[in-house]
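Enquirer: Below: one structure in structure tokens.
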Amino acid sequence: MRSSAMTPDQPAARKPRVAVVFGGRSSEHAVSCATAAGVMRAIDRDAYDVVPIGISRDGHWVLTDGDPDRLSLTSTSTPEVTADGAGVVIPLATTDRTLVALEPREVPKSLGEVDVVFPLLHGPFGEDGTIQGLFEMADIRYVGSGVFASAAGMDKHHMKVIFAGAGLPVGPYVVITDAQWRRDPAAAMDAVAALTYPVFVKPARAGSSMGISKVSTPEALEGAIEIARTHDLKVVVEQGIVGREIECAVLQGRGTDEPRVSHVGEIEVTAAGGHEFYDFEAKYLDDGAVLSCPAAVPDHVAAEVQRLARAAFEALGCEGLARVDCFYTDTGDVVVNEINTMPGFTPHSMYPQMWEATGLPYRDLIDELLQLALTRPVGLR
């Protein structure tokens, strides 16, 4: 936290101004709004000035009131940023830090300088390095990973290539590009025959379980690929791994300290919810899943998941935060499934819950992420 000490001739130091950016153009727009609702309820307003900025589905940046109640995601309410607020222009030069609001037929209004951006965006055009590149061009500090780590972490194909290159264990998978599918869909599906069913068909660059299908027979494969392609024209088909999914939350270390890791956690999809796996509805819309943290696994398994989580974070060059998901197989092996560089961040999401169980409460976690971003140098790191 910045010092408030001053001499009689000095003005009081202002609080750091945080631009909380949410919504966005991806299919995870509503999840991003729900994440923003959680953060804006919890962020310490005595320590930070908050400027809530929404991005509509068609890409308009607008100033919002940041009312958490209107941003909450429920089974009966899907939040959305609309383009009817004052437009917002962010700084586009390294010599400027000023946010500007644009009202129709009004003189542009300064919103003051922004010190750090908290981009609570999930999926393409927010979590994939695109918005991070915009901030980098203007030397704007922001929470989370940089351009490359964000892009690589978003793309399940290249993520696995990097993990394997770093010597981390990954499961068998097949990639189906748009060109391959349009050229010869039968050949693309034949490549999946090298995997053992059931398989999971996923959009390569989406999250929140959007467009994911569990496929138990070859006859259902084509339909699942088409579903995934509605979210991303590039598809990853992963072999189902028999075992338990164990997660670990990673938090960047201070200075040159190594990344910090939480207790490991396990999501149990309850029979009452009627879900075959941890899908979108189980995550956000009902009580179809329960998190156990620390997970009931042997100590050496927990230590291995933590080791792999830290190694995955460093292999991609991540900053700020990430959640790493692993499989603990029936044969006793631990396999890295994926990394999420901007995991769900509501108070009920896995990432904050695992840190809460480790001793870092939600509000303190938000503060730590902002402080890491505020002290991070701009430019090449």
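Lettering and numbering for the structure tokens are positional, with chains as A, B, ... in the shown order, residues counted from 1 in each chain, and ligands counted from 1 in the shown order.
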Run DSSP on the backbone and give me the residues of range 25-176 of chain A it puts in strand (DSSP E or B), as an MDAnalysis selection string.

Expert: chainID A and resid 49:55 61:63 87:89 98:102 109:113 116:120 142 170 173:176

Enquirer: Restricting it to N, CA, C and O atoms, dump the selection as a short mmCIF file (atom, residue, chain, number, x, y, z; two decimals), in the first residue's frame.

Expert:
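Wrote selection_33.cif, looks like this:
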```cif
data_model
loop_
_atom_site.label_atom_id
_atom_site.label_comp_id
_atom_site.auth_asym_id
_atom_site.auth_seq_id
_atom_site.Cartn_x
_atom_site.Cartn_y
_atom_site.Cartn_z
N ASP A 49 -9.79 3.67 -5.09
CA ASP A 49 -10.87 4.24 -5.88
C ASP A 49 -11.17 3.27 -7.02
O ASP A 49 -10.24 2.79 -7.69
N VAL A 50 -12.43 2.99 -7.24
CA VAL A 50 -12.81 2.00 -8.24
C VAL A 50 -13.60 2.66 -9.36
O VAL A 50 -14.55 3.40 -9.11
N VAL A 51 -13.20 2.40 -10.59
CA VAL A 51 -13.93 2.86 -11.78
C VAL A 51 -14.42 1.62 -12.52
O VAL A 51 -13.62 0.89 -13.11
N PRO A 52 -15.73 1.32 -12.46
CA PRO A 52 -16.26 0.13 -13.13
C PRO A 52 -16.47 0.38 -14.63
O PRO A 52 -17.22 1.28 -15.00
N ILE A 53 -15.82 -0.40 -15.46
CA ILE A 53 -15.93 -0.25 -16.90
C ILE A 53 -16.42 -1.56 -17.50
O ILE A 53 -15.78 -2.60 -17.32
N GLY A 54 -17.54 -1.51 -18.18
CA GLY A 54 -18.07 -2.69 -18.84
C GLY A 54 -17.77 -2.66 -20.33
O GLY A 54 -17.69 -1.59 -20.94
N ILE A 55 -17.59 -3.84 -20.91
CA ILE A 55 -17.45 -3.97 -22.35
C ILE A 55 -18.65 -4.75 -22.85
O ILE A 55 -18.89 -5.88 -22.42
N TRP A 61 -16.94 0.09 -24.90
CA TRP A 61 -16.47 0.32 -23.54
C TRP A 61 -17.36 1.39 -22.91
O TRP A 61 -17.45 2.51 -23.45
N VAL A 62 -18.00 1.08 -21.79
CA VAL A 62 -18.94 2.01 -21.18
C VAL A 62 -18.70 2.12 -19.68
O VAL A 62 -18.29 1.15 -19.02
N LEU A 63 -18.96 3.29 -19.15
CA LEU A 63 -18.90 3.52 -17.71
C LEU A 63 -20.18 2.98 -17.10
O LEU A 63 -21.28 3.27 -17.56
N GLY A 87 -19.56 6.35 -23.02
CA GLY A 87 -18.42 5.65 -23.57
C GLY A 87 -17.15 5.99 -22.81
O GLY A 87 -17.02 7.06 -22.21
N VAL A 88 -16.21 5.06 -22.79
CA VAL A 88 -14.94 5.26 -22.08
C VAL A 88 -13.79 5.09 -23.05
O VAL A 88 -13.75 4.13 -23.84
N VAL A 89 -12.86 6.04 -22.99
CA VAL A 89 -11.63 5.95 -23.77
C VAL A 89 -10.47 5.76 -22.81
O VAL A 89 -10.30 6.55 -21.87
N THR A 98 -4.95 8.96 -18.20
CA THR A 98 -6.26 9.51 -17.92
C THR A 98 -7.37 8.74 -18.65
O THR A 98 -7.29 8.52 -19.86
N LEU A 99 -8.40 8.37 -17.90
CA LEU A 99 -9.62 7.82 -18.49
C LEU A 99 -10.53 8.97 -18.87
O LEU A 99 -10.66 9.95 -18.14
N VAL A 100 -11.21 8.85 -20.01
CA VAL A 100 -12.11 9.90 -20.48
C VAL A 100 -13.47 9.29 -20.76
O VAL A 100 -13.57 8.24 -21.41
N ALA A 101 -14.53 9.96 -20.24
CA ALA A 101 -15.90 9.53 -20.50
C ALA A 101 -16.49 10.38 -21.61
O ALA A 101 -16.33 11.61 -21.64
N LEU A 102 -17.20 9.73 -22.54
CA LEU A 102 -17.81 10.41 -23.68
C LEU A 102 -19.32 10.25 -23.64
O LEU A 102 -19.84 9.14 -23.84
N LYS A 109 -15.35 14.16 -20.61
CA LYS A 109 -15.13 14.38 -19.18
C LYS A 109 -14.00 13.48 -18.69
O LYS A 109 -14.01 12.27 -18.91
N SER A 110 -13.04 14.07 -17.99
CA SER A 110 -11.94 13.29 -17.44
C SER A 110 -12.41 12.53 -16.20
O SER A 110 -13.10 13.08 -15.34
N LEU A 111 -12.04 11.26 -16.15
CA LEU A 111 -12.33 10.43 -14.97
C LEU A 111 -11.11 10.30 -14.07
O LEU A 111 -11.12 9.54 -13.11
N GLY A 112 -10.05 11.03 -14.40
CA GLY A 112 -8.83 10.96 -13.61
C GLY A 112 -7.89 9.88 -14.11
O GLY A 112 -8.21 9.10 -15.02
N GLU A 113 -6.73 9.84 -13.52
CA GLU A 113 -5.71 8.87 -13.92
C GLU A 113 -6.03 7.49 -13.36
O GLU A 113 -6.54 7.36 -12.25
N VAL A 116 -4.03 1.16 -12.18
CA VAL A 116 -3.97 -0.27 -12.47
C VAL A 116 -5.33 -0.72 -12.98
O VAL A 116 -6.37 -0.19 -12.57
N VAL A 117 -5.31 -1.69 -13.88
CA VAL A 117 -6.54 -2.28 -14.41
C VAL A 117 -6.68 -3.69 -13.86
O VAL A 117 -5.71 -4.45 -13.81
N PHE A 118 -7.89 -4.02 -13.43
CA PHE A 118 -8.21 -5.40 -13.03
C PHE A 118 -9.12 -5.95 -14.12
O PHE A 118 -10.33 -5.76 -14.11
N PRO A 119 -8.54 -6.65 -15.13
CA PRO A 119 -9.34 -7.14 -16.25
C PRO A 119 -10.03 -8.47 -15.91
O PRO A 119 -9.46 -9.54 -16.07
N LEU A 120 -11.27 -8.38 -15.45
CA LEU A 120 -12.01 -9.57 -15.04
C LEU A 120 -12.77 -10.14 -16.24
O LEU A 120 -13.98 -10.28 -16.23
N TYR A 142 -1.55 -3.87 -15.00
CA TYR A 142 -2.80 -4.63 -14.92
C TYR A 142 -2.56 -5.92 -14.15
O TYR A 142 -1.43 -6.40 -14.05
N VAL A 170 1.21 -34.71 -19.66
CA VAL A 170 -0.09 -34.33 -20.19
C VAL A 170 -0.76 -35.58 -20.78
O VAL A 170 -0.09 -36.54 -21.16
N TYR A 173 -4.28 -36.42 -26.66
CA TYR A 173 -5.27 -35.51 -27.22
C TYR A 173 -5.09 -35.42 -28.74
O TYR A 173 -4.06 -35.82 -29.28
N VAL A 174 -6.10 -34.89 -29.41
CA VAL A 174 -6.07 -34.66 -30.85
C VAL A 174 -6.59 -33.25 -31.09
O VAL A 174 -7.55 -32.82 -30.44
N VAL A 175 -5.97 -32.53 -32.01
CA VAL A 175 -6.40 -31.19 -32.39
C VAL A 175 -7.06 -31.24 -33.76
O VAL A 175 -6.55 -31.89 -34.69
N ILE A 176 -8.21 -30.58 -33.89
CA ILE A 176 -8.91 -30.48 -35.17
C ILE A 176 -9.04 -29.00 -35.53
O ILE A 176 -9.79 -28.27 -34.89
#
```

Enquirer: Taking 5 positions as the minimum chain separation for residues in the same chain, which residues sit within 8 Å of Ala224 in chain A when counting only C-alpha atoms? Answer as a list in words.

Expert: Val201, Ile212, Ser213 and Val215 of chain A

Enquirer: Could you please take those selected residues and save N, CA, C and O atoms as an mmCIF file, in the first residue's frame?

Expert:
```cif
data_model
loop_
_atom_site.group_PDB
_atom_site.id
_atom_site.type_symbol
_atom_site.label_atom_id
_atom_site.label_comp_id
_atom_site.auth_asym_id
_atom_site.auth_seq_id
_atom_site.Cartn_x
_atom_site.Cartn_y
_atom_site.Cartn_z
ATOM 1 N N VAL A 201 -14.685 -33.359 -25.813
ATOM 2 C CA VAL A 201 -14.538 -32.485 -26.977
ATOM 3 C C VAL A 201 -14.690 -31.045 -26.499
ATOM 4 O O VAL A 201 -15.712 -30.687 -25.898
ATOM 5 N N ILE A 212 -18.334 -27.739 -24.100
ATOM 6 C CA ILE A 212 -17.660 -29.014 -23.836
ATOM 7 C C ILE A 212 -18.686 -30.149 -23.804
ATOM 8 O O ILE A 212 -19.762 -30.023 -23.216
ATOM 9 N N SER A 213 -18.331 -31.250 -24.434
ATOM 10 C CA SER A 213 -19.186 -32.445 -24.416
ATOM 11 C C SER A 213 -18.369 -33.663 -24.023
ATOM 12 O O SER A 213 -17.218 -33.814 -24.451
ATOM 13 N N VAL A 215 -18.124 -37.489 -24.718
ATOM 14 C CA VAL A 215 -18.558 -38.360 -25.800
ATOM 15 C C VAL A 215 -18.131 -39.792 -25.495
ATOM 16 O O VAL A 215 -16.947 -40.071 -25.303
#
```

Enquirer: Go through A:Val236, A:Val18, A:Ile131, A:Ala357 and flag the residue nearest Leu370 in chain A, using only C-alpha atoms for the distances.

Expert: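 When distances to Leu370 in chain A are compared using only C-alpha atoms, the smallest one comes from A:Val18.
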
Enquirer: Find the residue from A:Asp58, A:Asp69, A:Asp184, A:Asp232 that sits nearest to Thr35 in chain A; use only C-alpha atoms when measuring.

Expert: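 Checking each of A:Asp58, A:Asp69, A:Asp184, A:Asp232 against Thr35 in chain A, counting only C-alpha atoms, the winner is A:Asp69.
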
Enquirer: Would you mind listing what lies within 9 Å of Gly265 in chain A as a list in words, with only C-alpha atoms counted and same-chain residues fewer than 6 positions away left out?

Expert: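 Once the adjacent positions are removed, what remains is Glu245, Ile246, Glu247, Cys248, Ala249, Leu291, Ser292, Cys293, Pro294, Ala295, Ala296, Met350, Gln353 and Met354 of chain A.
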
Enquirer: Env of Asp155 in chain A: 9 Å cut, atoms = only C-alpha atoms, seq-sep filter 6 positions within chain, self excluded. Answer as a list of chain:residue names.

Expert: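 Listing them by chain and then by number gives A:Asp128, A:Pro203, A:Ala204, A:Arg205, A:Ala206.
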
Enquirer: Write out as number ranges by chain the residues lying within 8 Å of Leu73 in chain A, counting only C-alpha atoms and excluding same-chain residues fewer than 2 positions away.

Expert: A: 30-31, 33-34, 71, 75, 77-79, 284-285

Enquirer: Take the residues that were just selected and, keeping N, CA and C atoms, output them as a tab-separated table (two decimals), in the first residue's frame.

Expert:
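Result went into out_20.tsv, see below:
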```tsv
chain	number	residue	atom	x	y	z
A	30	ALA	N	-21.40	-13.28	-19.38
A	30	ALA	CA	-22.16	-13.27	-18.13
A	30	ALA	C	-21.32	-13.73	-16.95
A	31	VAL	N	-20.43	-14.70	-17.18
A	31	VAL	CA	-19.54	-15.16	-16.11
A	31	VAL	C	-18.61	-14.03	-15.68
A	33	CYS	N	-19.28	-10.84	-15.82
A	33	CYS	CA	-20.09	-9.90	-15.02
A	33	CYS	C	-20.23	-10.41	-13.59
A	34	ALA	N	-20.46	-11.71	-13.44
A	34	ALA	CA	-20.61	-12.29	-12.10
A	34	ALA	C	-19.30	-12.18	-11.32
A	71	LEU	N	-25.19	-7.36	-11.53
A	71	LEU	CA	-24.19	-8.15	-12.25
A	71	LEU	C	-24.16	-9.61	-11.83
A	75	SER	N	-29.90	-18.61	-11.86
A	75	SER	CA	-30.67	-19.43	-12.81
A	75	SER	C	-31.77	-18.64	-13.49
A	77	SER	N	-31.44	-15.03	-13.85
A	77	SER	CA	-30.92	-13.72	-14.25
A	77	SER	C	-29.55	-13.87	-14.90
A	78	THR	N	-29.45	-13.40	-16.14
A	78	THR	CA	-28.17	-13.42	-16.86
A	78	THR	C	-27.70	-11.99	-17.06
A	79	PRO	N	-26.67	-11.56	-16.34
A	79	PRO	CA	-26.24	-10.16	-16.45
A	79	PRO	C	-25.60	-9.87	-17.79
A	284	TYR	N	-22.05	-22.66	-12.03
A	284	TYR	CA	-22.59	-21.33	-11.78
A	284	TYR	C	-24.07	-21.26	-11.41
A	285	LEU	N	-24.87	-22.27	-11.77
A	285	LEU	CA	-26.31	-22.09	-11.69
A	285	LEU	C	-27.03	-22.96	-10.69
```

Enquirer: Check range 24-130 of chain A with DSSP on the backbone and list each residue it calls helix (DSSP H, G or I), as a ChimeraX atom specification.

Expert: /A:29-42,68-71,130

Enquirer: Just all heavy atoms for this one: save the residues we selected as a short mmCIF file (atom, residue, chain, number, x, y, z; two decimals), in the first residue's frame.

Expert:
```cif
data_model
loop_
_atom_site.label_atom_id
_atom_site.label_comp_id
_atom_site.auth_asym_id
_atom_site.auth_seq_id
_atom_site.Cartn_x
_atom_site.Cartn_y
_atom_site.Cartn_z
N HIS A 29 -19.34 -13.83 -21.31
CA HIS A 29 -19.70 -12.46 -20.91
C HIS A 29 -20.38 -12.43 -19.55
O HIS A 29 -20.01 -11.66 -18.66
CB HIS A 29 -20.61 -11.87 -21.99
CG HIS A 29 -21.05 -10.46 -21.75
ND1 HIS A 29 -20.49 -9.37 -22.38
CD2 HIS A 29 -22.02 -9.95 -20.94
CE1 HIS A 29 -21.08 -8.27 -21.98
NE2 HIS A 29 -22.02 -8.58 -21.10
N ALA A 30 -21.40 -13.28 -19.38
CA ALA A 30 -22.16 -13.27 -18.13
C ALA A 30 -21.32 -13.73 -16.95
O ALA A 30 -21.45 -13.20 -15.83
CB ALA A 30 -23.40 -14.16 -18.26
N VAL A 31 -20.43 -14.70 -17.18
CA VAL A 31 -19.54 -15.16 -16.11
C VAL A 31 -18.61 -14.03 -15.68
O VAL A 31 -18.36 -13.82 -14.49
CB VAL A 31 -18.73 -16.38 -16.57
CG1 VAL A 31 -17.74 -16.81 -15.50
CG2 VAL A 31 -19.66 -17.53 -16.92
N SER A 32 -18.12 -13.26 -16.64
CA SER A 32 -17.27 -12.12 -16.34
C SER A 32 -18.02 -11.10 -15.48
O SER A 32 -17.47 -10.54 -14.52
CB SER A 32 -16.78 -11.47 -17.63
OG SER A 32 -16.10 -10.26 -17.37
N CYS A 33 -19.28 -10.84 -15.82
CA CYS A 33 -20.09 -9.90 -15.02
C CYS A 33 -20.23 -10.41 -13.59
O CYS A 33 -20.13 -9.63 -12.62
CB CYS A 33 -21.46 -9.72 -15.66
SG CYS A 33 -21.46 -8.83 -17.23
N ALA A 34 -20.46 -11.71 -13.44
CA ALA A 34 -20.61 -12.29 -12.10
C ALA A 34 -19.30 -12.18 -11.32
O ALA A 34 -19.30 -11.92 -10.10
CB ALA A 34 -21.04 -13.74 -12.20
N THR A 35 -18.17 -12.39 -11.99
CA THR A 35 -16.87 -12.22 -11.34
C THR A 35 -16.70 -10.79 -10.86
O THR A 35 -16.25 -10.53 -9.74
CB THR A 35 -15.75 -12.61 -12.31
OG1 THR A 35 -15.80 -14.02 -12.57
CG2 THR A 35 -14.39 -12.27 -11.74
N ALA A 36 -17.07 -9.82 -11.72
CA ALA A 36 -16.95 -8.41 -11.34
C ALA A 36 -17.85 -8.08 -10.15
O ALA A 36 -17.47 -7.28 -9.28
CB ALA A 36 -17.31 -7.52 -12.53
N ALA A 37 -19.02 -8.69 -10.10
CA ALA A 37 -19.92 -8.46 -8.96
C ALA A 37 -19.25 -8.88 -7.66
O ALA A 37 -19.30 -8.15 -6.65
CB ALA A 37 -21.23 -9.23 -9.16
N GLY A 38 -18.61 -10.04 -7.66
CA GLY A 38 -17.93 -10.50 -6.45
C GLY A 38 -16.79 -9.60 -6.04
O GLY A 38 -16.64 -9.25 -4.86
N VAL A 39 -15.98 -9.18 -7.02
CA VAL A 39 -14.83 -8.33 -6.70
C VAL A 39 -15.30 -6.97 -6.19
O VAL A 39 -14.76 -6.43 -5.21
CB VAL A 39 -13.92 -8.18 -7.92
CG1 VAL A 39 -12.88 -7.08 -7.70
CG2 VAL A 39 -13.23 -9.50 -8.22
N MET A 40 -16.30 -6.38 -6.84
CA MET A 40 -16.72 -5.03 -6.45
C MET A 40 -17.46 -5.01 -5.12
O MET A 40 -17.52 -3.99 -4.45
CB MET A 40 -17.52 -4.39 -7.57
CG MET A 40 -16.59 -3.95 -8.71
SD MET A 40 -17.33 -2.86 -9.92
CE MET A 40 -18.29 -4.03 -10.87
N ARG A 41 -18.03 -6.15 -4.72
CA ARG A 41 -18.59 -6.23 -3.36
C ARG A 41 -17.48 -6.24 -2.32
O ARG A 41 -17.65 -5.73 -1.21
CB ARG A 41 -19.44 -7.49 -3.21
CG ARG A 41 -20.85 -7.39 -3.74
CD ARG A 41 -21.71 -8.52 -3.22
NE ARG A 41 -23.06 -8.45 -3.77
CZ ARG A 41 -23.49 -9.13 -4.82
NH1 ARG A 41 -22.64 -9.96 -5.45
NH2 ARG A 41 -24.72 -9.00 -5.27
N ALA A 42 -16.35 -6.84 -2.65
CA ALA A 42 -15.32 -7.13 -1.64
C ALA A 42 -14.16 -6.16 -1.63
O ALA A 42 -13.48 -6.03 -0.61
CB ALA A 42 -14.79 -8.55 -1.85
N PRO A 68 -23.27 -4.48 -7.87
CA PRO A 68 -23.08 -5.94 -7.88
C PRO A 68 -24.37 -6.72 -8.04
O PRO A 68 -24.36 -7.80 -8.64
CB PRO A 68 -22.43 -6.21 -6.51
CG PRO A 68 -21.81 -4.93 -6.11
CD PRO A 68 -22.72 -3.86 -6.66
N ASP A 69 -25.48 -6.20 -7.52
CA ASP A 69 -26.74 -6.93 -7.62
C ASP A 69 -27.18 -7.09 -9.08
O ASP A 69 -27.74 -8.12 -9.46
CB ASP A 69 -27.84 -6.22 -6.83
CG ASP A 69 -27.60 -6.29 -5.33
OD1 ASP A 69 -26.89 -7.23 -4.89
OD2 ASP A 69 -28.11 -5.43 -4.60
N ARG A 70 -26.90 -6.09 -9.90
CA ARG A 70 -27.30 -6.17 -11.30
C ARG A 70 -26.33 -7.03 -12.11
O ARG A 70 -26.62 -7.37 -13.26
CB ARG A 70 -27.39 -4.77 -11.90
CG ARG A 70 -28.60 -4.00 -11.43
CD ARG A 70 -29.08 -3.02 -12.50
NE ARG A 70 -28.20 -1.86 -12.61
CZ ARG A 70 -28.43 -0.71 -11.97
NH1 ARG A 70 -29.50 -0.57 -11.20
NH2 ARG A 70 -27.61 0.30 -12.11
N LEU A 71 -25.19 -7.36 -11.53
CA LEU A 71 -24.19 -8.15 -12.25
C LEU A 71 -24.16 -9.61 -11.83
O LEU A 71 -23.38 -10.39 -12.37
CB LEU A 71 -22.80 -7.53 -12.02
CG LEU A 71 -22.57 -6.14 -12.60
CD1 LEU A 71 -21.22 -5.59 -12.16
CD2 LEU A 71 -22.67 -6.14 -14.11
N THR A 130 -5.18 -10.44 -25.91
CA THR A 130 -5.55 -9.31 -26.76
C THR A 130 -5.63 -8.02 -25.96
O THR A 130 -4.99 -7.02 -26.31
CB THR A 130 -6.88 -9.59 -27.47
OG1 THR A 130 -7.86 -10.02 -26.51
CG2 THR A 130 -6.72 -10.66 -28.52
#
```

Enquirer: Report, in Å with one decimal, the straight-line distance from CA of Asp325 in chain A to CA of Gln180 in chain A.

Expert: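 Those two atoms sit 28.7 Å apart.
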
Enquirer: What gap, in Å, lies between CA of Ala86 in chain A and CA of Leu121 in chain A?

Expert: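 It comes out at 19.9 Å.
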
Enquirer: Name all residues at most 12 Å from Arg381 in chain A (count only C-alpha atoms; drop same-chain ones fewer than 6 positions away) and give them as a ChimeraX atom specification.

Expert: /A:136,145-148,317-319

Enquirer: Mind pulling up the distance from CA of Lys15 in chain A to CA of Gln252 in chain A?

Expert: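 Between these atoms lies a distance of 23.4 Å.
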
Enquirer: Counting only C-alpha atoms, which of A:Val242, A:Val20, A:Leu251, A:Met137 gets nearest to Thr94 in chain A?

Expert: A:Met137

Enquirer: Restricting the calculation to only C-alpha atoms, which member of A:Leu308, A:Ile43, A:Ala303, A:Ala186 is positioned closest to Glu222 in chain A?

Expert: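 That would be A:Ala186, the residue with the smallest distance to Glu222 in chain A.
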
Enquirer: Which one of A:Leu321, A:Val114, A:Ala83, A:Val199 sits closest to Pro16 in chain A if you count only C-alpha atoms?

Expert: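 Ranking A:Leu321, A:Val114, A:Ala83, A:Val199 by distance to Pro16 in chain A, first place goes to A:Val114.
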